[in-house]
>>> print(open('model-v2.cif').read())   # mmCIF, C-alpha atoms
data_model
loop_
_atom_site.label_atom_id
_atom_site.label_comp_id
_atom_site.auth_asym_id
_atom_site.auth_seq_id
_atom_site.Cartn_x
_atom_site.Cartn_y
_atom_site.Cartn_z
CA MET A 278 -30.60 1.46 27.53
CA ILE A 279 -27.06 2.77 27.19
CA VAL A 280 -23.94 1.01 28.51
CA ALA A 281 -20.94 3.12 29.47
CA GLU A 282 -17.46 1.55 29.45
CA GLU A 283 -13.94 2.80 29.82
CA LYS A 284 -11.73 2.11 26.83
CA GLU A 285 -8.24 3.55 26.54
CA HIS A 286 -8.91 6.14 29.22
CA ALA A 287 -12.07 7.41 27.56
CA SER A 288 -15.77 6.75 28.13
CA HIS A 289 -17.50 4.79 25.41
CA TYR A 290 -21.29 4.71 25.19
CA ARG A 291 -23.18 1.97 23.43
CA ARG A 292 -26.91 1.59 22.93
CA VAL A 293 -28.10 -1.97 23.60
CA THR A 294 -30.75 -3.21 21.18
CA ALA A 295 -33.79 -5.30 22.06
CA GLU A 296 -32.77 -7.75 19.36
CA GLU A 297 -29.42 -8.63 20.92
CA LEU A 298 -31.02 -9.26 24.32
CA GLN A 299 -34.12 -11.11 23.16
CA GLU A 300 -32.63 -14.57 23.69
CA TRP A 301 -30.96 -13.71 27.02
CA LEU A 302 -34.06 -12.22 28.62
CA GLN A 303 -35.87 -15.57 28.41
CA GLN A 304 -33.54 -16.80 31.13
CA TYR A 305 -32.16 -13.82 33.05
CA SER A 306 -33.18 -10.44 34.41
CA LEU A 307 -31.38 -7.28 33.26
CA GLY A 308 -29.59 -7.12 36.62
CA GLU A 309 -28.29 -10.66 36.18
CA LEU A 310 -27.07 -9.90 32.67
CA TRP A 311 -25.11 -6.99 34.09
CA GLN A 312 -23.56 -9.23 36.77
CA LYS A 313 -22.65 -11.83 34.20
CA ASN A 314 -20.95 -9.14 32.11
CA VAL A 315 -23.18 -9.89 29.15
CA LEU A 316 -24.11 -6.20 29.01
CA GLY A 317 -20.67 -4.88 29.93
CA GLY A 318 -20.43 -1.68 31.91
CA GLY A 319 -19.72 -3.51 35.16
CA PRO A 320 -16.90 -3.35 37.69
CA MET A 321 -14.32 -5.85 36.44
CA PRO A 322 -12.28 -8.00 38.82
CA MET B 242 -9.70 -6.30 15.50
CA LYS B 243 -10.64 -9.84 16.41
CA GLU B 244 -12.76 -10.57 19.46
CA LEU B 245 -12.48 -13.46 21.89
CA TYR B 246 -15.28 -14.31 24.29
CA VAL B 247 -14.21 -16.34 27.31
CA PHE B 248 -16.90 -18.07 29.34
CA CYS B 249 -15.49 -17.99 32.84
CA GLU B 250 -16.34 -20.12 35.82
CA GLY B 251 -16.06 -17.13 38.18
CA PRO B 252 -14.46 -13.77 38.95
CA THR B 253 -11.00 -15.34 39.42
CA GLU B 254 -10.94 -16.52 35.81
CA GLN B 255 -12.36 -13.18 34.62
CA GLY B 256 -9.61 -11.36 36.49
CA PHE B 257 -6.99 -13.62 34.88
CA CYS B 258 -8.37 -12.83 31.40
CA LYS B 259 -8.37 -9.12 32.11
CA GLN B 260 -5.09 -8.80 33.97
CA VAL B 261 -2.93 -11.39 32.25
CA LEU B 262 -4.37 -12.29 28.85
CA GLU B 263 -5.75 -8.95 27.68
CA ALA B 264 -2.43 -7.10 27.22
CA HIS B 265 -0.98 -10.07 25.33
CA LEU B 266 -3.99 -10.48 23.03
CA LEU B 267 -4.21 -6.75 22.28
CA GLN B 268 -0.71 -6.97 20.78
CA LEU B 269 -2.14 -9.62 18.46
CA HIS B 270 -5.06 -7.34 17.57
CA CYS B 271 -7.60 -9.29 19.54
CA CYS B 272 -9.76 -7.92 22.33
CA ILE B 273 -11.15 -10.13 25.06
CA ARG B 274 -14.58 -10.23 26.64
CA THR B 275 -15.50 -12.40 29.59
CA ILE B 276 -18.90 -13.72 30.53
CA LYS B 277 -19.40 -15.22 33.96
CA ILE B 278 -21.25 -18.50 33.74
CA ALA B 279 -21.45 -19.27 37.45
CA HIS B 280 -25.15 -19.57 37.93
CA SER B 281 -25.93 -20.03 41.59
CA ARG B 282 -28.28 -17.30 42.68
CA ARG B 283 -28.24 -16.06 46.23
CA HIS B 284 -30.57 -13.16 46.96
CA GLY B 285 -30.63 -12.48 43.25
CA ILE B 286 -26.85 -12.18 43.09
CA ILE B 287 -24.98 -14.38 40.64
CA ASP B 288 -22.02 -15.67 42.54
CA ARG B 289 -19.30 -18.24 42.24
CA GLY B 290 -20.37 -21.76 42.96
CA GLY B 291 -19.55 -24.13 40.13
CA ILE B 292 -21.33 -24.19 36.85
CA GLY B 293 -24.46 -26.00 37.99
CA LYS B 294 -26.25 -27.72 35.14
CA TYR B 295 -24.58 -28.01 31.75
CA GLU B 296 -27.82 -26.80 30.18
CA THR B 297 -27.34 -23.37 31.80
CA LEU B 298 -23.79 -23.08 30.51
CA ARG B 299 -24.93 -24.20 27.07
CA PHE B 300 -27.64 -21.53 27.04
CA ASP B 301 -25.07 -18.80 27.80
CA ILE B 302 -22.73 -19.97 25.06
CA GLN B 303 -25.45 -20.46 22.44
CA SER B 304 -27.04 -17.08 23.21
CA THR B 305 -23.69 -15.34 22.78
CA ILE B 306 -22.89 -17.21 19.57
CA LYS B 307 -26.35 -16.41 18.22
CA SER B 308 -25.93 -12.71 18.96
CA ARG B 309 -22.60 -12.71 17.06
CA LYS B 310 -23.49 -14.89 14.09
CA ARG B 311 -22.06 -13.81 10.73
CA HIS B 312 -19.02 -12.33 12.51
CA PRO B 313 -16.08 -14.45 11.30
CA GLY B 314 -13.58 -12.51 13.45
CA VAL B 315 -15.30 -13.44 16.71
CA PHE B 316 -14.16 -16.51 18.63
CA PHE B 317 -15.32 -18.26 21.76
CA THR B 318 -13.65 -20.35 24.43
CA ALA B 319 -14.06 -21.23 28.09
CA MET B 320 -12.15 -21.29 31.37
CA ILE B 321 -13.80 -24.01 33.36
CA ASP B 322 -12.26 -26.51 35.78
CA LEU B 323 -12.36 -30.17 34.86
CA TYR B 324 -12.76 -30.80 38.57
CA GLY B 325 -16.40 -30.54 39.58
CA LEU B 326 -18.01 -30.55 36.13
CA PRO B 327 -21.71 -31.39 36.31
CA GLY B 328 -22.80 -34.96 35.57
CA ASP B 329 -24.65 -33.94 32.40
CA PHE B 330 -21.49 -32.43 30.81
CA PRO B 331 -20.91 -33.83 27.29
CA GLY B 332 -18.78 -36.96 27.27
CA LYS B 333 -18.67 -37.29 31.04
CA SER B 334 -20.86 -40.38 31.24
CA ASN B 335 -19.08 -42.33 28.48
CA HIS B 336 -15.42 -41.61 29.28
CA VAL B 337 -13.40 -42.86 32.22
CA ARG B 338 -10.72 -40.84 33.94
CA ASN B 339 -7.39 -42.57 34.49
CA PRO B 340 -5.85 -40.99 37.61
CA GLN B 341 -2.32 -41.80 36.35
CA ASN B 342 -2.89 -39.97 33.08
CA PRO B 343 -5.91 -37.68 33.23
CA ARG B 344 -5.20 -35.70 30.06
CA PRO B 345 -6.97 -38.04 27.57
CA PHE B 346 -10.13 -37.75 29.66
CA CYS B 347 -9.84 -33.96 29.62
CA GLU B 348 -9.31 -33.93 25.85
CA ALA B 349 -12.22 -36.30 25.24
CA LEU B 350 -14.54 -33.99 27.18
CA GLU B 351 -13.24 -30.94 25.33
CA GLN B 352 -13.99 -32.64 22.02
CA ALA B 353 -17.48 -33.65 23.17
CA PHE B 354 -18.03 -30.08 24.40
CA ALA B 355 -17.06 -28.64 20.99
CA ASP B 356 -19.22 -31.18 19.16
CA ASP B 357 -22.19 -30.24 21.31
CA ILE B 358 -21.76 -26.48 20.79
CA GLY B 359 -21.34 -27.06 17.07
CA ASP B 360 -19.76 -23.79 15.89
CA ALA B 361 -16.34 -23.78 14.23
CA ARG B 362 -15.47 -20.52 16.04
CA PHE B 363 -15.78 -22.23 19.44
CA MET B 364 -12.45 -23.51 20.80
CA PRO B 365 -13.05 -25.79 23.78
CA HIS B 366 -10.84 -25.47 26.85
CA LEU B 367 -11.15 -27.23 30.17
CA GLN B 368 -8.63 -26.56 32.88
CA LEU B 369 -7.07 -29.91 33.77
CA HIS B 370 -7.91 -30.21 37.51
CA GLU B 371 -8.43 -26.52 38.38
CA PHE B 372 -7.51 -22.89 37.67
CA GLU B 373 -4.88 -22.68 40.43
CA THR B 374 -2.68 -25.00 38.35
CA LEU B 375 -1.74 -21.96 36.25
CA LEU B 376 -0.26 -20.22 39.29
CA TYR B 377 2.56 -22.80 39.22
CA ALA B 378 3.71 -21.56 35.82
CA ASP B 379 5.69 -18.77 37.50
CA PRO B 380 6.08 -19.19 41.27
CA ASP B 381 8.22 -16.03 41.47
CA ALA B 382 5.14 -13.99 40.56
CA PHE B 383 3.77 -14.64 44.05
CA SER B 384 6.16 -11.98 45.35
CA VAL B 385 4.06 -9.35 43.52
CA SER B 386 1.14 -9.95 45.86
CA PHE B 387 2.69 -11.42 49.01
CA ASP B 388 5.34 -10.13 51.40
CA ASP B 389 8.06 -12.40 52.77
CA CYS B 390 7.12 -15.36 50.65
CA ASP B 391 10.57 -16.53 49.51
CA GLN B 392 10.21 -19.76 51.44
CA ALA B 393 6.78 -20.45 49.98
CA ILE B 394 8.08 -19.77 46.47
CA ALA B 395 10.92 -22.21 47.06
CA GLY B 396 8.33 -24.74 48.25
CA LEU B 397 6.22 -24.25 45.12
CA LYS B 398 9.27 -24.73 42.91
CA ILE B 399 9.99 -28.04 44.63
CA ILE B 400 6.43 -29.16 43.86
CA VAL B 401 6.77 -28.07 40.21
CA ALA B 402 10.00 -30.08 39.90
CA GLU B 403 8.21 -33.24 41.07
CA PHE B 404 5.87 -33.34 38.09
CA PRO B 405 6.41 -33.75 34.32
CA ASP B 406 4.30 -30.60 33.79
CA VAL B 407 2.38 -28.32 36.12
CA GLU B 408 -0.97 -29.59 34.90
CA ARG B 409 -0.13 -32.98 36.39
CA ILE B 410 -0.04 -31.63 39.94
CA ASN B 411 -2.83 -33.80 41.17
CA ASP B 412 -6.29 -33.25 42.43
CA GLY B 413 -6.59 -35.16 45.72
CA GLN B 414 -8.51 -33.67 48.64
CA THR B 415 -5.33 -32.39 50.30
CA THR B 416 -2.94 -32.41 47.34
CA ALA B 417 -4.96 -30.34 44.83
CA PRO B 418 -2.99 -27.42 43.36
CA SER B 419 -5.01 -24.87 45.36
CA LYS B 420 -4.70 -26.83 48.64
CA ARG B 421 -0.92 -27.04 48.29
CA ILE B 422 -0.70 -23.27 47.80
CA ILE B 423 -2.82 -22.66 50.89
CA GLY B 424 -0.49 -25.03 52.77
CA LEU B 425 2.58 -22.99 51.85
CA LEU B 426 0.97 -19.55 51.95
CA PRO B 427 -1.80 -19.39 54.51
CA ALA B 428 -3.72 -16.17 53.81
#
>>> encode(input="model-v2.cif", output="structure tokens")
Amino acid sequence: MIVAEEKEHASHYRRVTAEELQEWLQQYSLGELWQKNVLGGGPMP
Amino acid sequence: MKELYVFCEGPTEQGFCKQVLEAHLLQLHCCIRTIKIAHSRRHGIIDRGGIGKYETLRFDIQSTIKSRKRHPGVFFTAMIDLYGLPGDFPGKSNHVRNPQNPRPFCEALEQAFADDIGDARFMPHLQLHEFETLLYADPDAFSVSFDDCDQAIAGLKIIVAEFPDVERINDGQTTAPSKRIIGLLPA
């Protein structure tokens, strides 16, 4: 899974590791983690 | 570059972090990341609706801290309203709120919150009463988003002048900071 984000007017791509999500996935789905901005790559208010 | 994670009650607080705090913190070589802790699920969508159980909030904070352990330049805080905290929030059952001077209650809960999280990089913050309090810090800023609001701004300044500091604008059903703004500036 790759998360794309805009930083200083450029696209930044980051690969998300299973290790960093291990804990989170016990409680939330991937979609929820995106909405919570845990993953990043979402529309910001 | 330092990093600050802010656990936000909802999109309003996230927007504040992004639009107001980010530019300031970047000057101090700190970037900001927000995580929305509002938990209520409607049709699978995480929406605003208070923070629900403290356990859920605690899980979010601990998971984030765990994923960033051994990073001394990473810090954590929260933007959560004191108003409407769940009953199981640390310190809530053994401290009493004095309506004439609510700040000690707020500080006691912040301390209990920090003790419960148990990481020196976590800086507790509870918004005395509610987020909208911060909007009183600069009533003139309302003119950025509203047309013809000079009268409302004057009204807000009168309210500000009535209190020793804006965080003391009280939290009654009709006199809460947000309710007073709605009274002066109906959408």
>>> closest_residue(input="model-v2.cif", among="B:Glu250, B:Leu267, B:Arg362, B:Phe257", to="Leu326 in chain B", atoms="all atoms listed in the file")
B:Glu250
>>> atom_distance(input="model-v2.cif", atom1="CA of Ile292 in chain B", atom2="CA of Ile321 in chain B")
8.3 Å
>>> atom_distance(input="model-v2.cif", atom1="CA of Met320 in chain B", atom2="CA of His289 in chain A")
27.3 Å
>>> closest_atom_pairs(input="model-v2.cif", of="chain B", to="chain A", cutoff="7 Å", atoms="all atoms listed in the file", output="CSV")
residue,atom,partner,partner_atom,distance
B:Pro252,CA,A:Pro322,CA,6.2
B:Gln255,CA,A:Pro322,CA,6.7
B:Gly256,CA,A:Pro322,CA,4.9
B:Thr275,CA,A:Asn314,CA,6.8
B:Ile276,CA,A:Asn314,CA,5.3
B:Lys277,CA,A:Lys313,CA,4.7
B:Ile278,CA,A:Lys313,CA,6.8
B:Ile287,CA,A:Gln312,CA,6.6
B:Ser304,CA,A:Glu300,CA,6.1
B:Ser308,CA,A:Glu297,CA,5.7
>>> closest_residue(input="model-v2.cif", among="B:Arg274, B:Ala319, B:Glu348, B:Val385", to="Ile302 in chain B", atoms="all atoms listed in the file")
B:Ala319
>>> resolve_selection(input="model-v2.cif", expression="the PyMOL selection byres ((chain B and resi 395-406) around 9)", output="list in words")
Tyr377, Ala378, Asp379, Pro380, Asp381, Cys390, Asp391, Gln392, Ala393, Ile394, Val407, Glu408, Arg409, Ile410, Arg421, Ile422 and Leu425 of chain B
>>> resolve_selection(input="model-v2.cif", expression="the PyMOL selection byres ((chain B and resi 354) around 9)", output="list in words")
Phe330, Pro331, Gly332, Ala349, Leu350, Glu351, Gln352, Ala353, Ala355, Asp356, Asp357, Ile358, Gly359, Pro365 and His366 of chain B
>>> atom_distance(input="model-v2.cif", atom1="CA of Gly314 in chain B", atom2="CA of Glu371 in chain B")
29.1 Å
>>> axis_aligned_box(input="model-v2.cif", around="range 278-284 of chain A", padding_each_side="5 Å", output="JSON")
{"center_x": -21.2, "center_y": 2.1, "center_z": 28.3, "size_x": 28.9, "size_y": 12.1, "size_z": 13.0}
>>> resolve_selection(input="model-v2.cif", expression="the PyMOL selection byres ((chain B and resi 370) around 7)", output="PyMOL selection string")
chain B and resi 322-324+368-369+371+412
>>> residues_around(input="model-v2.cif", residues="Ala281 in chain A", least_positions_apart="3", cutoff="7 Å", atoms="all atoms listed in the file", output="JSON, numbers by chain")
{"A": [288, 289, 290, 291, 318]}
>>> write_last_selection(input="model-v2.cif", atoms="C-alpha atoms", output="PDB file, in the coordinates of the input")
ATOM      1  CA  SER A 288     -15.770   6.750  28.130  1.00  0.00           C
ATOM      2  CA  HIS A 289     -17.500   4.790  25.410  1.00  0.00           C
ATOM      3  CA  TYR A 290     -21.290   4.710  25.190  1.00  0.00           C
ATOM      4  CA  ARG A 291     -23.180   1.970  23.430  1.00  0.00           C
ATOM      5  CA  GLY A 318     -20.430  -1.680  31.910  1.00  0.00           C
TER       6      GLY A 318
END
>>> closest_residue(input="model-v2.cif", among="B:Phe317, B:Arg309, B:Gly424, B:Asp301", to="Leu302 in chain A", atoms="only C-alpha atoms")
B:Asp301
>>> residues_around(input="model-v2.cif", residues="Met278 in chain A", least_positions_apart="4", cutoff="9 Å", atoms="all atoms listed in the file", output="list of chain:residue names")
A:Arg291, A:Arg292, A:Val293, A:Thr294
